[in-house]
Amino acid sequence: MISSRLISKLRTAESVAVFTGAGISAESGVPTFRGSDGIWKKFKPEELANFDSFMRNPELVWEWYKHRKTIIASIQPNPGHTALAEMEQRFRRFAVITQNIDNLHRRAGSKTVYELHGNIERNYCTGCGKFFADAGIMAGPEVPRCTSCGSIIRPDVVWFGELLPAVVWDKSVKAAEGAGIFLSIGTSGVVYPAASLPLIAKRAGAYVVEINLERTDLSDTADEVILGRSGEILPQLVPYCPQKPA
Ligand code: BV8
Ligand code: ZN
C-alpha cells in the first residue's frame with residue numbers, strides 16, 4: 001500500500017536518487033551478503049573481499065568471484081530493476097546509486113547508474129592496470145595472469161579498505177544532496193561510506209523512503225519505511241510518477 005504522502009511527493013518531485021543494495025537483486029537469484037541466503041555467511045568479508053587476502057590466497061578469492069560471475073551471467077533483471085528504469089524516464093533528474101556489482105540496473109535499461117563498488121564484469125591487471133573481459137578470465141587458469149606483464153588480474157570491484165572511485169562518489173553525493181525523493185532499497189546499510197548517503201540526502205531536505213524486507217540501521221533516518229519485496233513494491237510506484245514528457 002503506497003502512502004498518500006509518497007504519492008503526492010512522486011507526483012511533484014523534480015529529482016529522485018535511488019540507493020540500492022544486494023536486496024534489489026535477490027529476486028533475480030543473486031544471493032545477498034547478510035540475509036539468510038547470504039554469501040558472507042560461508043565466508044567473512046575480510047577473508048575474501050580485501051586486497052591482502054587476495055594476494056595471499058588468489059585461488060580462493062578467484063573461486064568465489066568466478067562462482068558469482070557464473071550466477072550473474074545466468075540471471076535477468078527483475079521487475080524492481082525494470083520499474084526503476086521506467087521511473088528514470090518520468091523525472092527531470094534521476095540517478096541510481098548502487099552498491100551492487102552485478103550490472104543488473106544497466107541491463108534493465110537504467111542510464112544514470114553510479115557503481116560505488118565497481119562491476120564484476122570488469123577485470124584489470126594488478127601490475128599494469130590493463131583491462132580484461134570475462135571470456136578469457138572464465139576459460140583460463142584458476143588465477144588469471146596479464147598477457148602483457150604477467151601480473152595477477154583482479155575483479156574491478158572495491159574491496160574492504162579500498163577507496164571508492166572518487167568521481168563516482170562525488171556524483172553520488174551530489175545526487176543525494178539534490179534529490180527531492182531518496183529511495184533506499186534492499187540494503188542493510190552497514191557498509192560505509194555508501195551507507196552515509198541516506199543521511200546526506202535527509203540533511204539536504206530529501207524525502208527519504210526505505211524499501212526493504214526488514215528494518216535496518218537506516219530505518220530511523222527514513223521518513224517512511226515500506227517493508228516488503230522491492231520487485232513487488234517498485235512497480236506499484238510507477239503509475240504515480242509524472243507522465244513521460246511528450
Ligand atoms: C573504505 C564489493 C576508506 C565487493 C563491497 C567500522 C565502522 C564503519 C566502517 C568501517 C569499519 N571498519 C571498516 C570500515 C570501512 C568498511 C566498512 O564499511 N565495513 C563495514 C562492514 C563495517 N568500508 C570500506 O572498507 C570501504 N572503503 O571505507 O575506504 C579508506 C580510507 C582511507 C584509506 C583507505 C580506505 C569499501 C567498502 C566496499 C566493500 N565492497 N562489495 C563484492 O561485492 O564482492 S561491500 C558489499 O556489501 C556489497 O557491495 C554490498 O552491496 C554491500 C552492502 O551490503 P548490502 O548491499 O546492504 O547487502 P546485505 O546483504 O547486507 O543487505 C541486503 C538487504 O536487502 C537486507 O536488509 C535484506 O533484508 C534486504 N532484502 C533481501 N531481499 C530483498 C530485500 N529487500 C527488498 N526486497 C527483497 N527481495
Ligand atoms: Zn599487466
# chains A, B, ... in the order shown; residues from 1 in each chain; ligands from 1

$ residues_near_ligand --ligand "ligand 2" --cutoff "9 Å" --atoms "only C-alpha atoms and all ligand atoms" --output "list in words"
Tyr124, Cys125, Thr126, Gly127, Cys128, Gly129, Lys130, Phe131, Arg145, Cys146, Thr147, Ser148, Cys149, Gly150, Ser151, Ile152 and Ile153 of chain A

$ write_last_selection --atoms "C-alpha atoms" --output "PDB file, in the first residue's frame"
ATOM      1  CA  TYR A 124      42.140  -5.457 -14.509  1.00  0.00           C
ATOM      2  CA  CYS A 125      45.817  -6.308 -14.084  1.00  0.00           C
ATOM      3  CA  THR A 126      47.299  -5.576 -10.622  1.00  0.00           C
ATOM      4  CA  GLY A 127      50.604  -4.752 -12.335  1.00  0.00           C
ATOM      5  CA  CYS A 128      49.923  -2.554 -15.361  1.00  0.00           C
ATOM      6  CA  GLY A 129      46.194  -1.828 -14.987  1.00  0.00           C
ATOM      7  CA  LYS A 130      45.267  -3.353 -18.347  1.00  0.00           C
ATOM      8  CA  PHE A 131      41.570  -4.322 -18.526  1.00  0.00           C
ATOM      9  CA  ARG A 145      47.526 -13.506 -15.342  1.00  0.00           C
ATOM     10  CA  CYS A 146      48.112 -10.463 -17.514  1.00  0.00           C
ATOM     11  CA  THR A 147      49.137 -11.199 -21.099  1.00  0.00           C
ATOM     12  CA  SER A 148      51.297  -8.050 -21.135  1.00  0.00           C
ATOM     13  CA  CYS A 149      53.204  -8.122 -17.848  1.00  0.00           C
ATOM     14  CA  GLY A 150      52.349 -11.459 -16.221  1.00  0.00           C
ATOM     15  CA  SER A 151      50.915  -9.973 -13.011  1.00  0.00           C
ATOM     16  CA  ILE A 152      47.744 -11.344 -11.384  1.00  0.00           C
ATOM     17  CA  ILE A 153      44.440  -9.996 -12.741  1.00  0.00           C
TER      18      ILE A 153
END

$ residues_near_ligand --ligand "ligand 1" --cutoff "7 Å" --atoms "only C-alpha atoms and all ligand atoms" --output "PyMOL selection string"
chain A and resi 20-24+26-27+32-35+38+49+99-101+117-118+157-164+185-193+211-214+216+228-231

$ residues_around --residues "Lys9 in chain A" --least-positions-apart "2" --cutoff "10 Å" --atoms "only C-alpha atoms" --output "JSON, numbers by chain"
{"A": [3, 4, 5, 6, 7, 11, 12, 13, 14, 180, 181, 207, 240, 241]}

$ select_by_dssp --residues "range 21-133 of chain A" --states "alpha helix (DSSP H)" --output "number ranges by chain"
A: 23-26, 45-48, 51-56, 58-73, 79-88, 104-108

$ residues_around --residues "range 63-68 of chain A" --least-positions-apart "6" --cutoff "8 Å" --atoms "only C-alpha atoms" --output "list in words"
Leu48, Ile120, Met138, Glu142 and Pro155 of chain A

$ write_last_selection --atoms "N, CA, C and O atoms" --output "CSV table (one decimal), in the first residue's frame"
chain,number,residue,atom,x,y,z
A,48,LEU,N,37.6,-12.6,2.0
A,48,LEU,CA,37.5,-12.7,0.6
A,48,LEU,C,37.7,-11.3,-0.1
A,48,LEU,O,38.3,-11.2,-1.1
A,120,ILE,N,31.5,-6.5,-11.5
A,120,ILE,CA,32.1,-7.8,-11.5
A,120,ILE,C,32.3,-8.3,-13.0
A,120,ILE,O,33.1,-9.2,-13.2
A,138,MET,N,37.2,-16.5,-17.6
A,138,MET,CA,36.5,-17.7,-17.1
A,138,MET,C,37.0,-18.9,-17.8
A,138,MET,O,37.0,-20.0,-17.2
A,142,GLU,N,43.1,-21.0,-13.1
A,142,GLU,CA,42.4,-20.7,-11.9
A,142,GLU,C,42.6,-19.2,-11.5
A,142,GLU,O,41.7,-18.5,-11.2
A,155,PRO,N,39.3,-8.8,-10.1
A,155,PRO,CA,38.0,-8.2,-10.5
A,155,PRO,C,38.0,-6.7,-10.2
A,155,PRO,O,38.6,-6.2,-9.3

$ select_by_dssp --residues "range 33-229 of chain A" --states "strand (DSSP E or B)" --output "PyMOL selection string"
chain A and resi 93-98+113-115+118-125+131-132+145+152-157+181-185+207-212+224-227

$ residues_around --residues "Val30 in chain A" --least-positions-apart "5" --cutoff "8 Å" --atoms "only C-alpha atoms" --output "PDB file with C-alpha atoms, in the first residue's frame"
ATOM      1  CA  ALA A  22      22.045  -6.616  -2.733  1.00  0.00           C
ATOM      2  CA  SER A  25      18.905  -8.280  -6.952  1.00  0.00           C
ATOM      3  CA  ILE A  71      25.445 -16.815 -11.279  1.00  0.00           C
ATOM      4  CA  ILE A  72      25.240 -13.222 -12.571  1.00  0.00           C
ATOM      5  CA  ILE A  75      20.170 -14.298 -14.428  1.00  0.00           C
TER       6      ILE A  75
END

$ closest_residue --among "A:Ala95, A:Val143, A:Leu84, A:Leu116" --to "Phe54 in chain A" --atoms "only C-alpha atoms"
A:Val143

$ atom_distance --atom1 "CA of Val208 in chain A" --atom2 "CA of Val113 in chain A"
19.0 Å

$ closest_residue --among "A:Gln243, A:Ser74, A:Ser53, A:Ser184" --to "Phe91 in chain A" --atoms "only C-alpha atoms"
A:Gln243

$ closest_residue --among "A:Tyr114, A:Trp169, A:Trp62, A:Phe132" --to "Val96 in chain A" --atoms "only C-alpha atoms"
A:Tyr114

$ closest_residue --among "A:Gly140, A:Leu60, A:Val209, A:Gln76" --to "Leu237 in chain A" --atoms "only C-alpha atoms"
A:Val209
